[in-house]
Amino acid sequence: MAIRQGLLALLSQGPRYGYQLRAEFEASTGATWPLNIGQVYTTLSRLERDGLVSPGEQDEQGRVVYSITEAGLAEMGRWFGTPVAQSDRPRDELVIKLALAVTAAADVRPIIQAQRTATMRTLQAFVQARRASSENPAQRLVLDSMIFQAEAEQRWLDHCEAVLTASPRIRDPQARDPRGQDPRAEGSQGREPRAESLRRQDP
């Protein structure tokens with residue numbers, strides 16, 4: 001989600017100044033997306049440039065209150081009405097890490113176990129946060145999504161472990177490499193294959 005659309009959504013509820021917008025944005029997203037106040041004011045300047053918000057007069061404390069314009073309301077409506085494409089979401093670093101670990105013939109078991117432990121801790125933190133935010137429906141929706149994602153990641157890690165354990169290439173440290181060459185054959189300079197070497201280092 002672009003920050004600009006999030007600020008427009010908040011401003012649709014009435015005029016606000018920068019620190020209010022930051023606080024309400026973080027509260028609405030369950031503090032899962034902390035904002036730097038500099039980001040807020042930079043985004044507000046761009047929104048003003050694009051005619052989506054208009055600044056008011058400074059108050060006694062020197063704060064400028066911003067209001068959404070008709071063009072800003074139209075922009076927000078387009079955003080709400082447009083589905084989020086899968087290609088718009090960031091790539092999953094965990095998926096890439098495991099894929100490259102397999103490609104590099106690394107021992108993926110400790111990688112999976114470390115991630116499983118970290119994901120479980122994250123899941124527990126989300127569950128506790130959800131209990132504390134039961135009266136805030138916006139926070140609850142965000143935290144529910146995080147909980148479902150963490151649970152799905154746990155299931156996916158279990159699936160990865162099962163698939164890789166059943167793979168002859170993973171089970172057999174002397175499996176031939178993709179060029180059809182035995183890693184211990186002449187030309188490998190007597191070195192062990194990387195997967196077995198890492199297994200022996202695994203406590």
# chains A, B, ... in the order shown; residues from 1 in each chain; ligands from 1
>>> residues_around(residues="Ala71 (chain A)", least_positions_apart="2", cutoff="7 Å", atoms="only C-alpha atoms", output="ChimeraX atom specification")
/A:51-52,69,73-75
>>> residues_around(residues="region 158-161 of chain A", least_positions_apart="6", cutoff="9 Å", atoms="only C-alpha atoms", output="list of chain:residue names")
A:Leu98, A:Val108, A:Arg109, A:Ile112, A:Arg116
>>> write_last_selection(atoms="N, CA and C atoms", output="PDB file, in the first residue's frame")
ATOM      1  N   LEU A  98      15.317 -20.050   0.693  1.00  0.00           N
ATOM      2  CA  LEU A  98      15.290 -21.512   0.689  1.00  0.00           C
ATOM      3  C   LEU A  98      15.586 -22.072  -0.698  1.00  0.00           C
ATOM      4  N   VAL A 108      19.414 -27.356   4.401  1.00  0.00           N
ATOM      5  CA  VAL A 108      18.282 -26.454   4.624  1.00  0.00           C
ATOM      6  C   VAL A 108      17.587 -26.703   5.954  1.00  0.00           C
ATOM      7  N   ARG A 109      17.894 -27.823   6.595  1.00  0.00           N
ATOM      8  CA  ARG A 109      17.196 -28.151   7.835  1.00  0.00           C
ATOM      9  C   ARG A 109      17.377 -27.097   8.926  1.00  0.00           C
ATOM     10  N   ILE A 112      15.345 -23.978   8.011  1.00  0.00           N
ATOM     11  CA  ILE A 112      13.908 -24.141   8.241  1.00  0.00           C
ATOM     12  C   ILE A 112      13.587 -24.087   9.729  1.00  0.00           C
ATOM     13  N   ARG A 116      11.261 -21.449  11.571  1.00  0.00           N
ATOM     14  CA  ARG A 116      10.062 -21.925  12.264  1.00  0.00           C
ATOM     15  C   ARG A 116       9.986 -21.329  13.677  1.00  0.00           C
TER      16      ARG A 116
END
>>> atom_distance(atom1="CA of Ile96 (chain A)", atom2="CA of Ala166 (chain A)")
20.4 Å
>>> residues_around(residues="Asp92 (chain A)", least_positions_apart="6", cutoff="12 Å", atoms="only C-alpha atoms", output="count of residues only")
5
>>> closest_residue(among="A:Ala132, A:Val40, A:Ala150, A:Leu35", to="Leu7 (chain A)", atoms="only C-alpha atoms")
A:Val40
>>> closest_residue(among="A:Phe25, A:Ile3, A:Arg63, A:Arg89", to="Arg46 (chain A)", atoms="only C-alpha atoms")
A:Ile3
>>> closest_residue(among="A:Gly38, A:Pro90, A:Gly30, A:Gly14", to="Ser133 (chain A)", atoms="only C-alpha atoms")
A:Gly30
>>> residues_around(residues="region 15-22 of chain A", least_positions_apart="2", cutoff="12 Å", atoms="only C-alpha atoms", output="PyMOL selection string")
chain A and resi 3-4+6-13+24-29+31+33-45+53-59+61-69
>>> decode(residues="region 89-119 of chain A", atoms="N, CA and C atoms", output="CSV table (one decimal), in the first residue's frame")
chain,number,residue,atom,x,y,z
A,89,ARG,N,3.0,-6.9,-4.9
A,89,ARG,CA,3.4,-7.2,-3.6
A,89,ARG,C,4.9,-7.5,-3.6
A,90,PRO,N,5.6,-7.2,-2.5
A,90,PRO,CA,7.1,-7.5,-2.5
A,90,PRO,C,7.3,-9.0,-2.6
A,91,ARG,N,8.5,-9.3,-3.1
A,91,ARG,CA,8.9,-10.7,-3.2
A,91,ARG,C,9.2,-11.3,-1.8
A,92,ASP,N,8.9,-12.5,-1.6
A,92,ASP,CA,9.1,-13.2,-0.3
A,92,ASP,C,10.6,-13.6,-0.2
A,93,GLU,N,11.3,-12.9,0.7
A,93,GLU,CA,12.7,-13.2,0.8
A,93,GLU,C,13.0,-14.6,1.4
A,94,LEU,N,12.0,-15.1,2.2
A,94,LEU,CA,12.2,-16.5,2.7
A,94,LEU,C,12.1,-17.5,1.6
A,95,VAL,N,11.2,-17.4,0.7
A,95,VAL,CA,11.1,-18.3,-0.4
A,95,VAL,C,12.3,-18.3,-1.2
A,96,ILE,N,12.8,-17.1,-1.5
A,96,ILE,CA,14.1,-17.0,-2.3
A,96,ILE,C,15.2,-17.6,-1.6
A,97,LYS,N,15.3,-17.4,-0.3
A,97,LYS,CA,16.4,-17.9,0.5
A,97,LYS,C,16.5,-19.4,0.5
A,98,LEU,N,15.3,-20.0,0.7
A,98,LEU,CA,15.3,-21.5,0.7
A,98,LEU,C,15.6,-22.1,-0.7
A,99,ALA,N,15.0,-21.4,-1.7
A,99,ALA,CA,15.3,-21.9,-3.1
A,99,ALA,C,16.8,-21.8,-3.4
A,100,LEU,N,17.4,-20.7,-3.0
A,100,LEU,CA,18.9,-20.6,-3.3
A,100,LEU,C,19.7,-21.5,-2.4
A,101,ALA,N,19.2,-21.8,-1.2
A,101,ALA,CA,19.9,-22.7,-0.3
A,101,ALA,C,20.0,-24.1,-0.9
A,102,VAL,N,18.8,-24.5,-1.5
A,102,VAL,CA,18.8,-25.8,-2.2
A,102,VAL,C,19.7,-25.8,-3.4
A,103,THR,N,19.6,-24.7,-4.1
A,103,THR,CA,20.5,-24.6,-5.3
A,103,THR,C,21.9,-24.7,-5.0
A,104,ALA,N,22.3,-24.1,-3.8
A,104,ALA,CA,23.7,-24.1,-3.4
A,104,ALA,C,24.1,-25.3,-2.6
A,105,ALA,N,23.2,-26.3,-2.6
A,105,ALA,CA,23.4,-27.6,-1.9
A,105,ALA,C,23.8,-27.4,-0.4
A,106,ALA,N,23.2,-26.3,0.2
A,106,ALA,CA,23.3,-26.1,1.6
A,106,ALA,C,22.4,-27.0,2.4
A,107,ASP,N,22.7,-27.2,3.7
A,107,ASP,CA,21.7,-28.0,4.5
A,107,ASP,C,20.6,-27.1,4.9
A,108,VAL,N,19.4,-27.4,4.4
A,108,VAL,CA,18.3,-26.5,4.6
A,108,VAL,C,17.6,-26.7,6.0
A,109,ARG,N,17.9,-27.8,6.6
A,109,ARG,CA,17.2,-28.2,7.8
A,109,ARG,C,17.4,-27.1,8.9
A,110,PRO,N,18.6,-26.7,9.2
A,110,PRO,CA,18.7,-25.6,10.3
A,110,PRO,C,18.1,-24.3,9.8
A,111,ILE,N,18.1,-24.0,8.5
A,111,ILE,CA,17.4,-22.8,8.0
A,111,ILE,C,16.0,-22.8,8.3
A,112,ILE,N,15.3,-24.0,8.0
A,112,ILE,CA,13.9,-24.1,8.2
A,112,ILE,C,13.6,-24.1,9.7
A,113,GLN,N,14.4,-24.8,10.5
A,113,GLN,CA,14.1,-24.8,12.0
A,113,GLN,C,14.3,-23.4,12.6
A,114,ALA,N,15.3,-22.6,12.2
A,114,ALA,CA,15.5,-21.3,12.7
A,114,ALA,C,14.3,-20.4,12.3
A,115,GLN,N,13.8,-20.6,11.1
A,115,GLN,CA,12.7,-19.7,10.6
A,115,GLN,C,11.4,-20.2,11.4
A,116,ARG,N,11.3,-21.4,11.6
A,116,ARG,CA,10.1,-21.9,12.3
A,116,ARG,C,10.0,-21.3,13.7
A,117,THR,N,11.1,-21.3,14.4
A,117,THR,CA,11.2,-20.7,15.7
A,117,THR,C,10.8,-19.3,15.7
A,118,ALA,N,11.4,-18.5,14.8
A,118,ALA,CA,11.2,-17.1,14.7
A,118,ALA,C,9.8,-16.8,14.3
A,119,THR,N,9.2,-17.6,13.4
A,119,THR,CA,7.8,-17.4,13.0
A,119,THR,C,6.8,-17.6,14.1
